[in-house]
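For reference, protein23.pdb is printed below; it contains PDB, C-alpha atoms.
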ATOM      1  CA  MET O   1      14.491 -20.705   1.452
ATOM      2  CA  ASP O   2      14.403 -20.182  -2.339
ATOM      3  CA  VAL O   3      17.335 -20.063  -4.803
ATOM      4  CA  ARG O   4      18.649 -16.983  -3.088
ATOM      5  CA  SER O   5      19.052 -18.935   0.155
ATOM      6  CA  ASN O   6      22.661 -17.893   0.815
ATOM      7  CA  GLN O   7      21.775 -14.258   0.258
ATOM      8  CA  ASP O   8      18.662 -14.688   2.410
ATOM      9  CA  MET O   9      20.630 -16.318   5.217
ATOM     10  CA  GLN O  10      23.014 -13.355   5.217
ATOM     11  CA  ALA O  11      19.972 -11.060   5.396
ATOM     12  CA  VAL O  12      18.641 -13.075   8.355
ATOM     13  CA  GLN O  13      21.906 -12.628  10.248
ATOM     14  CA  GLN O  14      21.974  -8.909   9.397
ATOM     15  CA  LEU O  15      18.396  -8.612  10.654
ATOM     16  CA  LYS O  16      19.333 -10.322  13.905
ATOM     17  CA  ARG O  17      22.102  -7.757  14.453
ATOM     18  CA  ALA O  18      19.736  -4.923  13.460
ATOM     19  CA  HIS O  19      17.154  -6.243  15.937
ATOM     20  CA  GLU O  20      19.689  -6.106  18.757
ATOM     21  CA  ALA O  21      20.781  -2.593  17.713
ATOM     22  CA  ILE O  22      17.161  -1.353  17.480
ATOM     23  CA  SER O  23      16.412  -2.674  20.966
ATOM     24  CA  GLU O  24      19.549  -0.932  22.261
ATOM     25  CA  GLU O  25      18.603   2.402  20.631
ATOM     26  CA  ILE O  26      14.999   2.302  21.876
ATOM     27  CA  GLY O  27      16.374   1.395  25.320
ATOM     28  CA  LYS O  28      18.060   4.819  25.450
ATOM     29  CA  ILE O  29      14.593   6.340  25.863
ATOM     30  CA  ILE O  30      12.252   3.490  26.842
ATOM     31  CA  VAL O  31      13.033   1.589  30.042
ATOM     32  CA  GLY O  32      12.020  -2.088  29.992
ATOM     33  CA  GLN O  33       9.076  -3.231  27.815
ATOM     34  CA  GLN O  34      11.402  -5.515  25.821
ATOM     35  CA  GLN O  35       8.658  -7.994  24.944
ATOM     36  CA  VAL O  36       6.390  -5.203  23.655
ATOM     37  CA  ILE O  37       9.267  -3.786  21.548
ATOM     38  CA  ASP O  38       9.949  -7.242  20.053
ATOM     39  CA  GLU O  39       6.271  -7.799  19.260
ATOM     40  CA  LEU O  40       5.996  -4.357  17.626
ATOM     41  CA  LEU O  41       8.916  -5.257  15.356
ATOM     42  CA  ILE O  42       7.388  -8.661  14.562
ATOM     43  CA  SER O  43       4.126  -6.993  13.578
ATOM     44  CA  LEU O  44       5.858  -4.354  11.432
ATOM     45  CA  LEU O  45       7.958  -6.902   9.517
ATOM     46  CA  ALA O  46       4.933  -9.205   9.076
ATOM     47  CA  ARG O  47       2.930  -6.287   7.580
ATOM     48  CA  GLY O  48       0.505  -6.397  10.498
ATOM     49  CA  HIS O  49      -0.983  -3.772  12.824
ATOM     50  CA  CYS O  50      -0.996  -3.546  16.625
ATOM     51  CA  LEU O  51      -3.499  -2.609  19.306
ATOM     52  CA  LEU O  52      -1.727  -1.532  22.515
ATOM     53  CA  VAL O  53      -3.748  -1.722  25.717
ATOM     54  CA  GLY O  54      -2.450  -0.057  28.864
ATOM     55  CA  VAL O  55      -3.242   2.557  31.476
ATOM     56  CA  PRO O  56      -2.093   6.163  30.846
ATOM     57  CA  GLY O  57       1.516   7.100  31.544
ATOM     58  CA  LEU O  58       3.216   3.886  30.404
ATOM     59  CA  ALA O  59       5.016   5.605  27.460
ATOM     60  CA  LYS O  60       2.982   3.915  24.712
ATOM     61  CA  THR O  61       3.068   7.006  22.484
ATOM     62  CA  LEU O  62       6.741   7.665  23.239
ATOM     63  CA  LEU O  63       7.626   4.056  22.386
ATOM     64  CA  ILE O  64       5.936   4.294  18.993
ATOM     65  CA  SER O  65       7.440   7.676  18.084
ATOM     66  CA  THR O  66      10.896   6.423  19.168
ATOM     67  CA  LEU O  67      10.517   3.351  16.939
ATOM     68  CA  ALA O  68       9.620   5.636  14.013
ATOM     69  CA  ARG O  69      12.745   7.760  14.633
ATOM     70  CA  VAL O  70      15.074   4.749  14.780
ATOM     71  CA  LEU O  71      13.583   3.382  11.536
ATOM     72  CA  ASP O  72      13.485   6.800   9.817
ATOM     73  CA  LEU O  73       9.768   6.488   9.056
ATOM     74  CA  GLN O  74       7.197   9.252   8.749
ATOM     75  CA  PHE O  75       5.095   9.294  11.917
ATOM     76  CA  LYS O  76       1.629  10.808  12.403
ATOM     77  CA  ARG O  77      -0.468  10.824  15.573
ATOM     78  CA  ILE O  78      -4.270  11.058  15.466
ATOM     79  CA  GLN O  79      -6.014  11.825  18.757
ATOM     80  CA  PHE O  80      -9.353  10.014  18.583
ATOM     81  CA  THR O  81     -12.214  11.990  20.161
ATOM     82  CA  PRO O  82     -16.023  11.652  20.035
ATOM     83  CA  ASP O  83     -16.323  14.468  17.466
ATOM     84  CA  LEU O  84     -13.628  13.133  15.090
ATOM     85  CA  MET O  85     -14.944  12.637  11.533
ATOM     86  CA  PRO O  86     -13.755  10.073   8.941
ATOM     87  CA  SER O  87     -12.470  12.918   6.734
ATOM     88  CA  ASP O  88     -10.267  14.060   9.642
ATOM     89  CA  ILE O  89      -8.382  10.782   9.136
ATOM     90  CA  THR O  90      -8.450  10.164   5.390
ATOM     91  CA  GLY O  91      -8.469  13.764   4.143
ATOM     92  CA  THR O  92     -10.982  16.098   2.529
ATOM     93  CA  GLU O  93     -11.616  18.171  -0.575
ATOM     94  CA  VAL O  94     -11.198  21.931  -0.363
ATOM     95  CA  ILE O  95     -11.983  24.643  -2.896
ATOM     96  CA  GLU O  96      -8.813  26.264  -4.167
ATOM     97  CA  GLU O  97      -8.428  29.261  -6.473
ATOM     98  CA  GLU O  98      -5.971  28.718  -9.303
ATOM     99  CA  PRO O  99      -3.359  31.497  -9.461
ATOM    100  CA  GLY O 100      -3.609  33.658 -12.590
ATOM    101  CA  SER O 101      -6.895  32.355 -14.007
ATOM    102  CA  GLY O 102      -8.851  32.857 -10.798
ATOM    103  CA  ARG O 103     -10.811  29.657 -11.497
ATOM    104  CA  LYS O 104     -11.890  27.633  -8.516
ATOM    105  CA  ALA O 105     -11.407  23.875  -8.339
ATOM    106  CA  PHE O 106     -11.568  21.145  -5.772
ATOM    107  CA  LYS O 107      -8.272  19.918  -4.383
ATOM    108  CA  TYR O 108      -7.852  16.820  -2.231
ATOM    109  CA  VAL O 109      -5.883  17.470   0.952
ATOM    110  CA  LYS O 110      -4.459  14.250   2.366
ATOM    111  CA  GLY O 111      -5.210  13.410   5.985
ATOM    112  CA  PRO O 112      -2.841  12.056   8.654
ATOM    113  CA  ILE O 113      -3.437   8.471   7.514
ATOM    114  CA  PHE O 114      -0.819   9.215   4.815
ATOM    115  CA  ALA O 115       2.244   8.262   6.851
ATOM    116  CA  ASN O 116       4.386   5.167   7.425
ATOM    117  CA  ILE O 117       3.513   4.776  11.104
ATOM    118  CA  VAL O 118       0.087   6.025  12.199
ATOM    119  CA  LEU O 119      -0.740   6.194  15.888
ATOM    120  CA  ALA O 120      -4.493   6.048  16.528
ATOM    121  CA  ASP O 121      -4.445   7.315  20.101
ATOM    122  CA  GLU O 122      -7.358   6.131  22.295
ATOM    123  CA  ILE O 123      -9.130   4.617  19.303
ATOM    124  CA  ASN O 124     -12.151   3.567  21.360
ATOM    125  CA  ARG O 125     -13.067   7.194  22.124
ATOM    126  CA  THR O 126     -14.520   7.769  18.651
ATOM    127  CA  PRO O 127     -17.751   6.290  17.198
ATOM    128  CA  PRO O 128     -17.651   3.174  14.967
ATOM    129  CA  LYS O 129     -18.292   5.277  11.821
ATOM    130  CA  THR O 130     -14.959   7.027  12.328
ATOM    131  CA  GLN O 131     -13.169   3.893  13.520
ATOM    132  CA  SER O 132     -14.171   2.230  10.237
ATOM    133  CA  ALA O 133     -12.291   4.915   8.279
ATOM    134  CA  LEU O 134      -9.168   2.942   9.199
ATOM    135  CA  LEU O 135     -10.499  -0.367   7.842
ATOM    136  CA  GLN O 136      -9.701   0.067   4.151
ATOM    137  CA  ALA O 137      -6.329   1.623   4.923
ATOM    138  CA  MET O 138      -5.354  -1.226   7.257
ATOM    139  CA  GLN O 139      -6.478  -4.003   4.920
ATOM    140  CA  GLU O 140      -5.827  -2.647   1.422
ATOM    141  CA  HIS O 141      -3.149  -0.015   2.175
ATOM    142  CA  GLU O 142      -5.160   2.514   0.189
ATOM    143  CA  VAL O 143      -7.709   5.272   0.726
ATOM    144  CA  SER O 144     -10.735   6.073  -1.453
ATOM    145  CA  ALA O 145     -11.854   9.692  -1.449
ATOM    146  CA  ALA O 146     -13.837  11.830  -3.899
ATOM    147  CA  GLY O 147     -14.035   8.946  -6.378
ATOM    148  CA  THR O 148     -10.267   8.416  -6.480
ATOM    149  CA  THR O 149      -8.177   5.697  -4.835
ATOM    150  CA  TYR O 150      -4.857   6.764  -3.325
ATOM    151  CA  LYS O 151      -2.134   4.236  -2.505
ATOM    152  CA  LEU O 152      -0.459   4.649   0.874
ATOM    153  CA  ASP O 153       3.327   4.761   1.104
ATOM    154  CA  GLU O 154       4.987   1.538   2.200
ATOM    155  CA  PRO O 155       5.700   0.382   4.794
ATOM    156  CA  PHE O 156       2.335   1.222   6.374
ATOM    157  CA  PHE O 157       1.785   0.370  10.026
ATOM    158  CA  VAL O 158      -1.168   1.313  12.261
ATOM    159  CA  LEU O 159      -0.767   1.271  16.024
ATOM    160  CA  ALA O 160      -3.829   1.995  18.106
ATOM    161  CA  THR O 161      -3.866   2.572  21.857
ATOM    162  CA  GLN O 162      -6.702   1.842  24.221
ATOM    163  CA  ASN O 163      -7.216   2.617  27.903
ATOM    164  CA  PRO O 164      -8.561  -0.528  29.642
ATOM    165  CA  ILE O 165      -9.895   1.115  32.809
ATOM    166  CA  GLU O 166     -11.846   4.180  31.716
ATOM    167  CA  GLN O 167     -14.932   2.917  29.883
ATOM    168  CA  GLU O 168     -17.209   5.949  30.242
ATOM    169  CA  GLY O 169     -17.682   7.721  26.913
ATOM    170  CA  THR O 170     -15.983   4.992  24.885
ATOM    171  CA  TYR O 171     -17.113   2.883  21.924
ATOM    172  CA  PRO O 172     -15.858  -0.729  21.979
ATOM    173  CA  LEU O 173     -14.179  -1.725  18.729
ATOM    174  CA  PRO O 174     -16.357  -4.012  16.553
ATOM    175  CA  GLU O 175     -15.049  -7.548  16.018
ATOM    176  CA  ALA O 176     -14.399  -6.770  12.318
ATOM    177  CA  GLN O 177     -12.114  -3.910  13.342
ATOM    178  CA  LEU O 178     -10.368  -5.935  16.074
ATOM    179  CA  ASP O 179      -9.664  -8.726  13.587
ATOM    180  CA  ARG O 180      -7.645  -6.288  11.447
ATOM    181  CA  PHE O 181      -5.056  -6.029  14.214
ATOM    182  CA  MET O 182      -2.398  -8.725  14.121
ATOM    183  CA  PHE O 183      -1.476  -8.299  17.791
ATOM    184  CA  ASN O 184      -3.204  -7.141  20.935
ATOM    185  CA  LEU O 185      -0.327  -6.065  23.205
ATOM    186  CA  TRP O 186      -0.767  -5.394  26.913
ATOM    187  CA  VAL O 187       1.614  -2.755  28.248
ATOM    188  CA  ASP O 188       2.096  -3.440  31.944
ATOM    189  CA  TYR O 189       3.475  -1.387  34.833
ATOM    190  CA  PRO O 190       7.286  -1.266  35.103
ATOM    191  CA  SER O 191       9.137  -3.051  37.896
ATOM    192  CA  GLU O 192      10.320  -1.027  40.908
ATOM    193  CA  SER O 193      13.898  -0.743  39.601
ATOM    194  CA  GLU O 194      12.654   0.212  36.126
ATOM    195  CA  GLU O 195      10.359   2.872  37.589
ATOM    196  CA  GLU O 196      13.268   4.318  39.579
ATOM    197  CA  GLN O 197      15.302   4.516  36.361
ATOM    198  CA  ILE O 198      12.372   6.162  34.524
ATOM    199  CA  VAL O 199      12.040   8.823  37.212
ATOM    200  CA  ARG O 200      15.814   9.379  37.301
ATOM    201  CA  THR O 201      16.159   9.950  33.536
ATOM    202  CA  THR O 202      12.925  11.870  32.887
ATOM    203  CA  THR O 203      13.501  14.380  35.688
ATOM    204  CA  SER O 204      17.086  15.182  34.657
ATOM    205  CA  ALA O 205      18.699  16.983  31.722
ATOM    206  CA  TYR O 206      19.384  13.637  30.009
ATOM    207  CA  HIS O 207      18.919  13.736  26.218
ATOM    208  CA  ALA O 208      19.335  10.657  24.045
ATOM    209  CA  ASN O 209      20.823  10.841  20.558
ATOM    210  CA  LEU O 210      19.210   8.137  18.440
ATOM    211  CA  ARG O 211      20.847   6.505  15.423
ATOM    212  CA  ILE O 212      18.833   5.657  12.324
ATOM    213  CA  LEU O 213      19.300   1.917  11.789
ATOM    214  CA  LEU O 214      16.888   1.008   8.985
ATOM    215  CA  LYS O 215      15.073   2.987   6.304
ATOM    216  CA  ALA O 216      11.780   2.390   4.484
ATOM    217  CA  GLY O 217      13.434   0.470   1.628
ATOM    218  CA  ASP O 218      15.266  -1.813   4.078
ATOM    219  CA  ILE O 219      12.029  -2.600   5.915
ATOM    220  CA  ILE O 220      10.165  -3.442   2.683
ATOM    221  CA  ALA O 221      13.018  -5.802   1.701
ATOM    222  CA  LEU O 222      12.850  -7.471   5.129
ATOM    223  CA  GLN O 223       9.056  -7.815   4.854
ATOM    224  CA  ASP O 224       9.614  -9.631   1.541
ATOM    225  CA  LEU O 225      12.273 -11.788   3.217
ATOM    226  CA  VAL O 226       9.782 -12.887   5.895
ATOM    227  CA  ARG O 227       7.398 -14.069   3.156
ATOM    228  CA  ARG O 228      10.151 -16.271   1.688
ATOM    229  CA  VAL O 229      10.875 -18.044   4.984
ATOM    230  CA  PRO O 230       9.841 -21.733   4.691
ATOM    231  CA  VAL O 231       7.588 -23.323   7.304
ATOM    232  CA  ALA O 232       7.361 -27.033   8.111
ATOM    233  CA  ASP O 233       3.986 -28.713   7.623
ATOM    234  CA  ASN O 234       3.766 -29.703  11.300
ATOM    235  CA  VAL O 235       4.121 -26.043  12.360
ATOM    236  CA  ILE O 236       1.295 -24.970  10.024
ATOM    237  CA  SER O 237      -0.796 -27.909  11.251
ATOM    238  CA  TYR O 238      -0.226 -26.869  14.875
ATOM    239  CA  ALA O 239      -1.273 -23.252  14.184
ATOM    240  CA  VAL O 240      -4.442 -24.314  12.357
ATOM    241  CA  LYS O 241      -5.382 -26.844  15.056
ATOM    242  CA  LEU O 242      -4.855 -24.216  17.747
ATOM    243  CA  VAL O 243      -7.154 -21.730  15.998
ATOM    244  CA  ARG O 244      -9.817 -24.307  15.147
ATOM    245  CA  ARG O 245      -9.999 -25.388  18.787
ATOM    246  CA  THR O 246     -11.067 -21.870  19.763
ATOM    247  CA  ARG O 247     -14.378 -22.374  17.901
ATOM    248  CA  PRO O 248     -17.143 -23.860  20.103
ATOM    249  CA  ALA O 249     -18.868 -25.559  17.140
ATOM    250  CA  ASP O 250     -15.695 -27.372  16.021
ATOM    251  CA  ALA O 251     -15.548 -31.100  16.794
ATOM    252  CA  THR O 252     -12.028 -30.751  18.252
ATOM    253  CA  ALA O 253     -12.928 -27.905  20.640
ATOM    254  CA  PRO O 254     -12.382 -28.850  24.295
ATOM    255  CA  ASP O 255     -15.244 -28.612  26.791
ATOM    256  CA  PHE O 256     -13.952 -25.400  28.402
ATOM    257  CA  ILE O 257     -14.114 -23.636  25.004
ATOM    258  CA  LYS O 258     -17.745 -24.689  24.564
ATOM    259  CA  GLU O 259     -18.476 -23.489  28.083
ATOM    260  CA  TRP O 260     -16.704 -20.097  27.951
ATOM    261  CA  ILE O 261     -16.527 -18.959  24.293
ATOM    262  CA  THR O 262     -19.305 -17.609  22.070
ATOM    263  CA  TRP O 263     -17.182 -16.985  18.954
ATOM    264  CA  GLY O 264     -13.708 -18.266  18.214
ATOM    265  CA  ALA O 265     -10.916 -16.954  15.987
ATOM    266  CA  GLY O 266     -11.170 -16.890  12.176
ATOM    267  CA  PRO O 267      -8.665 -17.907   9.472
ATOM    268  CA  ARG O 268      -6.838 -14.563   9.750
ATOM    269  CA  ALA O 269      -5.585 -15.751  13.162
ATOM    270  CA  SER O 270      -3.965 -18.834  11.559
ATOM    271  CA  GLN O 271      -2.278 -16.616   8.971
ATOM    272  CA  TYR O 272      -0.943 -14.228  11.616
ATOM    273  CA  LEU O 273       0.315 -17.092  13.801
ATOM    274  CA  ILE O 274       2.468 -18.351  10.925
ATOM    275  CA  LEU O 275       3.596 -14.891   9.765
ATOM    276  CA  GLY O 276       4.455 -13.945  13.348
ATOM    277  CA  ALA O 277       6.318 -17.222  13.932
ATOM    278  CA  LYS O 278       8.351 -16.702  10.735
ATOM    279  CA  THR O 279       9.246 -13.145  11.745
ATOM    280  CA  ARG O 280      10.144 -14.162  15.292
ATOM    281  CA  ALA O 281      12.476 -16.828  13.926
ATOM    282  CA  VAL O 282      14.365 -14.506  11.540
ATOM    283  CA  LEU O 283      14.667 -11.797  14.204
ATOM    284  CA  ASP O 284      16.388 -14.478  16.292
ATOM    285  CA  GLY O 285      18.676 -15.409  13.390
ATOM    286  CA  ARG O 286      16.988 -18.746  12.604
ATOM    287  CA  PRO O 287      16.053 -19.789   9.041
ATOM    288  CA  THR O 288      12.692 -21.379   9.878
ATOM    289  CA  PRO O 289      10.188 -21.234  12.765
ATOM    290  CA  ASP O 290       9.165 -24.053  15.081
ATOM    291  CA  ILE O 291       6.091 -24.748  17.210
ATOM    292  CA  ASP O 292       7.557 -22.796  20.142
ATOM    293  CA  ASP O 293       7.465 -19.649  17.966
ATOM    294  CA  VAL O 294       3.738 -20.184  17.378
ATOM    295  CA  ARG O 295       3.160 -20.711  21.108
ATOM    296  CA  ALA O 296       5.129 -17.563  21.963
ATOM    297  CA  ILE O 297       2.846 -15.292  19.934
ATOM    298  CA  ALA O 298      -0.438 -17.178  20.446
ATOM    299  CA  LYS O 299      -1.640 -14.866  23.213
ATOM    300  CA  PRO O 300      -1.254 -11.491  21.420
ATOM    301  CA  VAL O 301      -2.711 -13.004  18.222
ATOM    302  CA  LEU O 302      -5.710 -14.766  19.769
ATOM    303  CA  ARG O 303      -6.874 -12.943  22.890
ATOM    304  CA  HIS O 304      -8.744 -10.150  21.079
ATOM    305  CA  ARG O 305     -10.324 -12.623  18.662
ATOM    306  CA  LEU O 306     -12.096 -14.728  21.290
ATOM    307  CA  VAL O 307     -15.555 -13.566  22.379
ATOM    308  CA  THR O 308     -16.194 -14.865  25.900
ATOM    309  CA  ASN O 309     -19.714 -15.455  27.223
ATOM    310  CA  PHE O 310     -21.500 -14.862  30.510
ATOM    311  CA  ASN O 311     -20.192 -18.120  32.020
ATOM    312  CA  ALA O 312     -16.582 -16.972  31.607
ATOM    313  CA  GLU O 313     -17.386 -13.536  33.009
ATOM    314  CA  ALA O 314     -19.175 -15.060  36.022
ATOM    315  CA  GLU O 315     -16.158 -17.270  36.760
ATOM    316  CA  GLY O 316     -13.652 -14.437  36.265
ATOM    317  CA  ILE O 317     -12.085 -16.096  33.221
ATOM    318  CA  ASN O 318     -10.555 -13.885  30.512
ATOM    319  CA  SER O 319      -9.420 -14.702  26.970
ATOM    320  CA  SER O 320      -5.700 -14.697  27.912
ATOM    321  CA  GLN O 321      -6.267 -17.468  30.460
ATOM    322  CA  ILE O 322      -8.192 -19.456  27.858
ATOM    323  CA  VAL O 323      -5.332 -19.134  25.328
ATOM    324  CA  ASP O 324      -2.835 -20.250  27.983
ATOM    325  CA  ARG O 325      -4.928 -23.319  28.690
ATOM    326  CA  LEU O 326      -5.221 -24.108  24.977
ATOM    327  CA  THR O 327      -1.497 -23.844  24.247
ATOM    328  CA  THR O 328      -0.503 -25.979  27.241
ATOM    329  CA  GLY O 329      -3.156 -28.620  26.524
ATOM    330  CA  LEU O 330      -2.801 -28.975  22.743
ATOM    331  CA  GLU O 331      -1.032 -32.221  21.872
ATOM    332  CA  LEU O 332       1.296 -32.259  18.869
TER     333      LEU O 332
END

What is this structure when it is put down as structure tokens?
Amino acid sequence: MDVRSNQDMQAVQQLKRAHEAISEEIGKIIVGQQQVIDELLISLLARGHCLLVGVPGLAKTLLISTLARVLDLQFKRIQFTPDLMPSDITGTEVIEEEPGSGRKAFKYVKGPIFANIVLADEINRTPPKTQSALLQAMQEHEVSAAGTTYKLDEPFFVLATQNPIEQEGTYPLPEAQLDRFMFNLWVDYPSESEEEQIVRTTTSAYHANLRILLKAGDIIALQDLVRRVPVADNVISYAVKLVRRTRPADATAPDFIKEWITWGAGPRASQYLILGAKTRAVLDGRPTPDIDDVRAIAKPVLRHRLVTNFNAEAEGINSSQIVDRLTTGLEL
């Protein structure tokens, strides 16, 4: 790391202990889902955003609100519906009468996007015009309204949920919107023992008392720490090669990519692979990432960035299987 390496190494070890404590606290309410919890933390510390895909009833919303409580962050939930307007997200101007003078003036009322953690619940239920209201906020961490630009409070983290089975009355997210999400996380069914534990705790008088482990200032400092983590050239080279091989027109793309993929991942995928690998390493108490860190997060980074074609659909091949094949077949 830089000249503050000793101080940074201490911060890495403190973060490792905080990671273990956060997992323990969230585990008081959320049963299982350890990989999803880890990937949420990686995304938050890498200044990314997450798209969570899973059927209803898997505690996606509860997981996110619990994370916000443990980190002492302001949490807002937006329920996306077909009649939701962009101003319902970003805010709107209202006419307000000034006390005393009786004069009327416009006042900007901030929308729910002004929070540290924003849950866009069932994001694909609203039209693209409203979905795009999140774009500037996610990329620039600011909102433009009524000719004025408002900075969002840091840290700023958008989590969107999507139901994979109910497609009637939904609007698929455009590729430009999908690319803004660092991770696409699949929340799966719990195991039998985990489901028994869920039923046991949620149908009793059990109430968990959560400790606050990190605050906004701590998280911003840790996000800066992640940026200072050094990365070896061979790790960067591996990440770039992996992404470039997802593009059918690239000379290094294998035959199965040319057969199954219409569009591959862009440069943002390479950036997120390295940022995610750096964060994964420091959460584990290591000073620098290796190629295994890149492999570990390749699937959530890449699967929503690959556009499969009719051949893949006809053969029952999905983007996750393609990423698996790429990461196992890519020579160092």

Next on the checklist: Evaluate the PyMOL selection byres ((chain O and resi 182) around 6) against this structure - the residues, as a list in words, please.
Outcome noted: Gly48, His49, Cys50, Phe181, Phe183 and Val301 of chain O

Item to check | Shell of 7 Å around range 267-269 of chain O, only C-alpha atoms, local chain residues under 2 positions omitted, as a list in words | outcome: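 Surrounding residues, per the criterion: Val243, Ala265, Gln271, Tyr272, Leu273, Val301 and Leu302 of chain O.
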
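Each of O:Ala133, O:Ala145, O:Leu15, O:Leu222 was checked against Tyr108 in chain O using all atoms listed in the file; the smallest atom-to-atom distance is that of O:Ala145.
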
Checklist entry - Can you list what the PyMOL selection byres ((chain O and resi 106) around 12) grabs from this structure, as an NGL selection string? => result :O and (92-98 or 103-105 or 107-109 or 146)

Next on the checklist: Please enumerate the residues selected by the PyMOL selection byres ((chain O and resi 113) around 9) when evaluated against the supplied file, formatted as a ChimeraX atom specification.
Outcome noted: /O:76-78,89-91,110-112,114-118,134,137,143,152,158

Could you please fill out range 109-127 of chain O with N, CA and C atoms and send it back as a short mmCIF file (atom, residue, chain, number, x, y, z; two decimals), keeping the file's coordinate frame?
data_model
loop_
_atom_site.label_atom_id
_atom_site.label_comp_id
_atom_site.auth_asym_id
_atom_site.auth_seq_id
_atom_site.Cartn_x
_atom_site.Cartn_y
_atom_site.Cartn_z
N VAL O 109 -6.94 17.28 -0.05
CA VAL O 109 -5.88 17.47 0.95
C VAL O 109 -5.78 16.18 1.77
N LYS O 110 -4.64 15.54 1.69
CA LYS O 110 -4.46 14.25 2.37
C LYS O 110 -4.50 14.41 3.88
N GLY O 111 -5.12 13.41 4.53
CA GLY O 111 -5.21 13.41 5.98
C GLY O 111 -4.00 12.73 6.62
N PRO O 112 -4.00 12.63 7.95
CA PRO O 112 -2.84 12.06 8.65
C PRO O 112 -2.65 10.56 8.45
N ILE O 113 -3.61 9.89 7.79
CA ILE O 113 -3.44 8.47 7.51
C ILE O 113 -2.29 8.25 6.52
N PHE O 114 -1.90 9.31 5.80
CA PHE O 114 -0.82 9.22 4.82
C PHE O 114 0.52 9.38 5.52
N ALA O 115 0.95 8.31 6.16
CA ALA O 115 2.24 8.26 6.85
C ALA O 115 2.68 6.81 6.91
N ASN O 116 3.92 6.55 7.30
CA ASN O 116 4.39 5.17 7.42
C ASN O 116 3.89 4.52 8.71
N ILE O 117 4.00 5.27 9.82
CA ILE O 117 3.51 4.78 11.10
C ILE O 117 2.44 5.74 11.58
N VAL O 118 1.22 5.22 11.76
CA VAL O 118 0.09 6.02 12.20
C VAL O 118 -0.33 5.57 13.59
N LEU O 119 -0.30 6.50 14.53
CA LEU O 119 -0.74 6.19 15.89
C LEU O 119 -2.18 6.67 16.06
N ALA O 120 -3.10 5.73 16.24
CA ALA O 120 -4.49 6.05 16.53
C ALA O 120 -4.65 6.05 18.05
N ASP O 121 -4.49 7.21 18.64
CA ASP O 121 -4.44 7.32 20.10
C ASP O 121 -5.85 7.26 20.69
N GLU O 122 -6.06 6.34 21.64
CA GLU O 122 -7.36 6.13 22.30
C GLU O 122 -8.46 5.93 21.25
N ILE O 123 -8.25 4.89 20.43
CA ILE O 123 -9.13 4.62 19.30
C ILE O 123 -10.57 4.36 19.72
N ASN O 124 -10.79 3.88 20.94
CA ASN O 124 -12.15 3.57 21.36
C ASN O 124 -12.92 4.79 21.87
N ARG O 125 -12.36 5.99 21.71
CA ARG O 125 -13.07 7.19 22.12
C ARG O 125 -13.88 7.81 20.99
N THR O 126 -13.79 7.22 19.79
CA THR O 126 -14.52 7.77 18.65
C THR O 126 -15.57 6.76 18.19
N PRO O 127 -16.69 7.22 17.60
CA PRO O 127 -17.75 6.29 17.20
C PRO O 127 -17.30 5.32 16.11
#
